[in-house]
file work.txt (compact mmCIF, C-alpha atoms)
# COMPACT_ATOMS: atom_id res chain seq x y z
CA MET A 1 -1.03 -10.15 -5.35
CA PHE A 2 -3.32 -10.22 -8.40
CA ALA A 3 -4.49 -13.75 -7.59
CA ALA A 4 -5.33 -12.79 -4.00
CA ALA A 5 -6.96 -9.41 -4.60
CA CYS A 6 -8.32 -9.28 -8.15
CA ALA A 7 -8.77 -12.69 -9.78
CA SER A 8 -12.06 -13.57 -8.06
CA CYS A 9 -13.78 -10.76 -9.99
CA HIS A 10 -11.55 -10.04 -12.99
CA GLY A 11 -10.62 -13.67 -13.70
CA ALA A 12 -7.39 -15.57 -13.17
CA TYR A 13 -5.88 -14.03 -16.31
CA GLY A 14 -7.69 -10.68 -16.29
CA GLU A 15 -10.18 -11.97 -18.85
CA GLY A 16 -13.23 -10.93 -16.81
CA GLY A 17 -14.94 -12.85 -14.06
CA VAL A 18 -18.57 -13.59 -13.34
CA GLU A 19 -20.75 -11.97 -16.02
CA GLY A 20 -21.77 -8.49 -14.97
CA LEU A 21 -19.39 -8.50 -11.99
CA ALA A 22 -16.10 -7.25 -13.45
CA SER A 23 -14.91 -6.48 -16.96
CA SER A 24 -11.93 -7.87 -18.79
CA LEU A 25 -8.66 -6.03 -18.30
CA TRP A 26 -7.50 -6.94 -21.80
CA THR A 27 -9.84 -4.42 -23.44
CA ARG A 28 -8.17 -1.36 -21.98
CA GLU A 29 -4.72 0.18 -21.78
CA LEU A 30 -3.89 0.48 -18.11
CA THR A 31 -1.42 3.05 -16.86
CA PRO A 32 0.19 2.82 -13.41
CA ASP A 33 -1.75 5.88 -12.24
CA MET A 34 -5.05 4.33 -13.40
CA VAL A 35 -4.32 1.18 -11.40
CA ARG A 36 -3.36 3.09 -8.25
CA ARG A 37 -6.46 5.29 -8.52
CA ALA A 38 -8.78 2.34 -9.13
CA VAL A 39 -7.44 0.41 -6.14
CA ARG A 40 -7.47 3.30 -3.69
CA LEU A 41 -10.63 5.15 -4.81
CA SER A 42 -13.03 2.60 -6.30
CA GLY A 43 -16.21 1.92 -4.36
CA PRO A 44 -19.71 3.30 -3.83
CA ARG A 45 -20.26 6.86 -2.71
CA SER A 46 -22.00 7.28 0.62
CA PRO A 47 -25.38 9.03 0.66
CA ALA A 48 -25.43 12.44 2.30
CA GLY A 49 -25.00 12.09 6.03
CA ASP A 50 -23.80 8.48 5.76
CA SER A 51 -20.14 7.87 6.62
CA VAL A 52 -19.93 4.15 5.81
CA PHE A 53 -17.63 4.85 2.85
CA PRO A 54 -15.22 7.75 2.27
CA ARG A 55 -16.84 10.62 0.38
CA ASN A 56 -14.24 10.84 -2.41
CA LEU A 57 -14.75 7.38 -3.93
CA LEU A 58 -15.38 6.96 -7.66
CA GLY A 59 -18.91 5.64 -7.28
CA ASN A 60 -18.39 2.31 -9.04
CA GLY A 61 -18.92 -1.26 -7.92
CA MET A 62 -15.31 -2.28 -7.34
CA PRO A 63 -14.29 -2.52 -3.66
CA PHE A 64 -11.83 0.08 -2.48
CA TRP A 65 -8.59 -1.01 -0.84
CA THR A 66 -7.15 1.02 1.99
CA ALA A 67 -3.49 0.82 2.96
CA GLU A 68 -4.55 -1.49 5.80
CA ARG A 69 -5.88 -4.01 3.26
CA MET A 70 -3.15 -3.55 0.64
CA SER A 71 0.11 -1.82 1.55
CA ASP A 72 1.73 0.73 -0.74
CA LEU A 73 4.47 -1.79 -1.54
CA GLU A 74 1.90 -4.45 -2.44
CA LEU A 75 0.08 -1.91 -4.61
CA GLU A 76 3.31 -1.19 -6.50
CA ASP A 77 3.79 -4.95 -7.03
CA LEU A 78 0.27 -5.18 -8.43
CA THR A 79 0.77 -2.11 -10.62
CA ALA A 80 3.96 -3.53 -12.12
CA TYR A 81 2.25 -6.86 -12.81
CA LEU A 82 -0.78 -5.28 -14.48
CA GLU A 83 1.32 -2.91 -16.54
CA PHE A 84 2.71 -5.98 -18.29
CA ALA A 85 0.12 -8.72 -17.93
CA ALA A 86 -3.07 -6.74 -18.53
CA ASN A 87 -1.88 -4.21 -21.10
CA PRO A 88 -2.01 -5.50 -24.70
CA ALA A 89 0.43 -2.84 -25.89
CA LEU A 90 3.11 -4.05 -23.50
CA ARG A 91 2.45 -7.71 -24.27
CA SER A 92 3.35 -7.17 -27.94
CA CYS A 93 6.85 -8.42 -28.70
CA GLY A 94 9.32 -5.61 -29.06
CA SER A 95 6.83 -2.90 -28.08
CA ARG A 96 8.86 -1.78 -25.12
CA PRO A 97 12.23 -2.70 -23.61
CA GLU A 98 12.01 -4.86 -20.53
CA GLU A 99 12.22 -2.75 -17.39
CA ALA A 100 15.39 -3.25 -15.40
CA PRO A 101 14.88 -4.76 -11.93
CA ARG A 102 14.48 -2.20 -9.15
CA LEU A 103 15.75 -2.41 -5.60
CA LEU A 104 12.65 -2.39 -3.38
CA ARG A 105 14.15 -2.56 0.10
CA GLY A 106 17.22 -3.73 1.92
CA GLY A 107 19.39 -3.62 5.01
CA ARG A 108 22.41 -5.12 6.76
CA PHE A 109 22.38 -8.17 9.01
CA GLN A 110 22.50 -7.58 12.75
CA VAL A 111 24.95 -10.19 14.02
CA VAL A 112 23.77 -12.56 16.73
CA MET A 113 26.32 -15.38 16.47
CA HIS A 114 28.71 -17.26 14.17
CA GLY A 115 30.06 -14.04 12.67
CA VAL A 116 27.20 -13.66 10.19
CA ARG A 117 27.15 -10.34 8.38
CA GLY A 118 26.34 -8.92 4.97
CA ARG A 119 23.76 -6.89 3.09
CA VAL A 120 20.33 -8.19 2.04
CA GLU A 121 18.35 -6.73 -0.88
CA HIS A 122 14.83 -7.45 -2.12
CA TRP A 123 14.48 -6.73 -5.87
CA SER A 124 11.44 -6.22 -8.09
CA ASP A 125 12.33 -9.27 -10.21
CA GLY A 126 11.40 -11.53 -7.29
CA THR A 127 14.89 -12.14 -5.98
CA ILE A 128 16.66 -11.80 -2.66
CA ARG A 129 20.29 -10.81 -3.17
CA ILE A 130 22.80 -11.24 -0.37
CA ARG A 131 26.07 -9.39 -0.76
CA GLU A 132 29.40 -9.66 1.07
CA PHE A 133 28.09 -12.57 3.12
CA PHE A 134 30.19 -13.88 5.99
CA TYR A 135 29.39 -16.98 8.07
CA ASP A 136 31.87 -19.23 9.86
CA GLY A 137 29.93 -22.35 8.82
CA LEU A 138 30.18 -23.91 12.26
CA GLY A 139 26.44 -24.22 12.89
CA PRO A 140 24.35 -27.36 12.30
CA ARG A 141 23.62 -28.51 8.77
CA ASP A 142 20.11 -27.06 8.66
CA VAL A 143 21.01 -23.35 8.64
CA VAL A 144 19.02 -21.51 5.95
CA VAL A 145 18.00 -18.08 4.68
CA TRP A 146 14.62 -17.49 6.31
CA LEU A 147 11.90 -14.93 5.50
CA TYR A 148 9.28 -13.81 8.01
CA ASN A 149 7.14 -10.90 9.14
CA HIS A 150 8.88 -9.23 12.07
CA ASP A 151 6.58 -8.12 14.87
CA ARG A 152 8.21 -6.45 17.85
CA ASN A 153 5.18 -7.36 19.97
CA ASN A 154 5.38 -11.04 19.09
CA PHE A 155 8.73 -12.68 19.74
CA HIS A 156 7.52 -15.92 18.15
CA ALA A 157 6.52 -14.35 14.80
CA ILE A 158 9.72 -15.69 13.24
CA LEU A 159 8.41 -19.24 13.70
CA ASP A 160 5.78 -18.56 11.01
CA GLY A 161 8.47 -17.83 8.42
CA PHE A 162 9.78 -20.02 5.62
CA ALA A 163 13.10 -20.98 4.05
CA VAL A 164 14.12 -19.68 0.62
CA SER A 165 17.50 -21.38 0.38
CA GLU A 166 19.06 -24.79 0.60
CA HIS A 167 21.08 -25.57 3.73
CA LEU A 168 24.13 -23.32 3.99
CA ALA A 169 26.32 -26.06 5.46
CA ARG A 170 29.63 -26.69 3.72
CA SER A 171 33.22 -27.53 4.58
CA ARG A 172 34.58 -23.96 4.46
CA PRO A 173 33.33 -20.60 5.76
CA TYR A 174 31.64 -17.90 3.69
CA LEU A 175 34.06 -15.02 3.29
CA GLY A 176 32.40 -12.03 1.66
CA GLU A 177 30.43 -13.94 -0.99
CA ASN A 178 27.49 -12.76 -3.13
CA PHE A 179 24.53 -14.93 -4.06
CA GLU A 180 20.96 -14.60 -5.31
CA LEU A 181 17.80 -16.46 -4.30
CA THR A 182 14.60 -16.59 -6.36
CA LEU A 183 11.37 -16.22 -4.40
CA PRO A 184 8.59 -18.78 -4.98
CA GLY A 185 5.88 -17.49 -7.31
CA ASP A 186 3.27 -17.16 -4.55
CA VAL A 187 5.51 -15.03 -2.31
CA HIS A 188 4.72 -11.31 -2.54
CA SER A 189 6.05 -8.36 -0.54
CA GLY A 190 3.33 -8.57 2.09
CA ARG A 191 4.44 -12.03 3.20
CA PHE A 192 7.71 -10.88 4.73
CA ASN A 193 9.50 -7.81 6.00
CA ALA A 194 12.57 -9.43 7.52
CA VAL A 195 15.30 -11.93 6.65
CA ALA A 196 17.21 -14.14 9.06
CA ILE A 197 19.96 -16.70 8.98
CA TRP A 198 18.07 -19.36 10.87
CA CYS A 199 18.83 -22.80 12.27
CA THR A 200 15.63 -24.80 11.89
CA SER A 201 16.52 -27.69 14.20
CA VAL A 202 17.12 -25.56 17.30
CA GLN A 203 15.06 -22.53 16.19
CA SER A 204 17.98 -20.19 16.63
CA THR A 205 18.75 -16.90 14.86
CA TYR A 206 22.33 -16.29 13.74
CA ALA A 207 21.57 -12.87 12.21
CA ARG A 208 18.53 -10.88 11.13
CA VAL A 209 17.59 -7.73 9.26
CA ILE A 210 14.34 -5.80 8.93
CA LEU A 211 14.03 -4.71 5.30
CA ARG A 212 13.39 -1.03 4.63
CA ALA A 213 12.88 0.94 1.44
CA ASP A 214 16.20 2.36 0.25
call {"tool": "encode", "arguments": {"input": "work.txt", "output": "structure tokens"}}
result
Amino acid sequence: MFAAACASCHGAYGEGGVEGLASSLWTRELTPDMVRRAVRLSGPRSPAGDSVFPRNLLGNGMPFWTAERMSDLELEDLTAYLEFAANPALRSCGSRPEEAPRLLRGGRFQVVMHGVRGRVEHWSDGTIRIREFFYDGLGPRDVVVWLYNHDRNNFHAILDGFAVSEHLARSRPYLGENFELTLPGDVHSGRFNAVAIWCTSVQSTYARVILRAD
């Protein structure tokens, strides 16, 4: 999220971007509330009678980000990243215990075929955890865990998703197993809101779940 929204001005590592455009983040101690306020309220104030920008902005040069441009969940991802990466106090060894991973959202599979069921959880440490997973294993070899952005107005939205697991094929069924998948580094919360057990060769869904905040 930082690379997509902030790095062009603040630099790839928060060191400051183009001279005079944005300052370094390493010279300040950022709190979560400061980050949230800066993202949501930065921007120029509109002159009297001009409604181009909201009237309650901070009056600085940083663009403001509405929920349409950056969701609340994406903002929390960014806040957590900056709290560590851009805060010198937190970067000091031993200055603060590492925060335990938090459950961001989850849900249970809706079965379509092959007896797939189980619970899916998205955690703040960048993992997808699948618990009590059942699957009869009788599908083709190329059945995978698949992430995508569900859109009830676009039946084909699932085709734009991506796999985050190896093929699930094996010689015996899955009978209530637990496993954990690590998301690629460039995958943030805004890139998916649903998980499917998906057969890539025939583009068939065996089960799916829309993730919701718990």
call {"tool": "closest_residue", "arguments": {"input": "work.txt", "among": "A:Asp160, A:Glu83, A:Ala207, A:Leu73", "to": "Arg105 in chain A", "atoms": "only C-alpha atoms"}}
result
A:Leu73
call {"tool": "closest_residue", "arguments": {"input": "work.txt", "among": "A:Ala157, A:Leu168, A:Val111, A:Val187", "to": "Thr205 in chain A", "atoms": "all atoms listed in the file"}}
result
A:Val111
call {"tool": "closest_residue", "arguments": {"input": "work.txt", "among": "A:Arg141, A:Arg37, A:Arg108, A:Arg191", "to": "Leu75 in chain A", "atoms": "only C-alpha atoms"}}
result
A:Arg37
call {"tool": "axis_aligned_box", "arguments": {"input": "work.txt", "around": "range 114-131 of chain A", "padding_each_side": "3 Å", "output": "AutoDock Vina command-line options"}}
result
--center_x 20.7 --center_y -11.7 --center_z 2.0 --size_x 24.7 --size_y 17.0 --size_z 30.4
call {"tool": "closest_residue", "arguments": {"input": "work.txt", "among": "A:His114, A:Asn153, A:Leu41, A:Ala194", "to": "Ala67 in chain A", "atoms": "only C-alpha atoms"}}
result
A:Leu41
call {"tool": "atom_distance", "arguments": {"input": "work.txt", "atom1": "CA of Asn193 in chain A", "atom2": "CA of Leu159 in chain A"}}
result
13.8 Å
call {"tool": "atom_distance", "arguments": {"input": "work.txt", "atom1": "CA of Val116 in chain A", "atom2": "CA of Gly190 in chain A"}}
result
25.7 Å
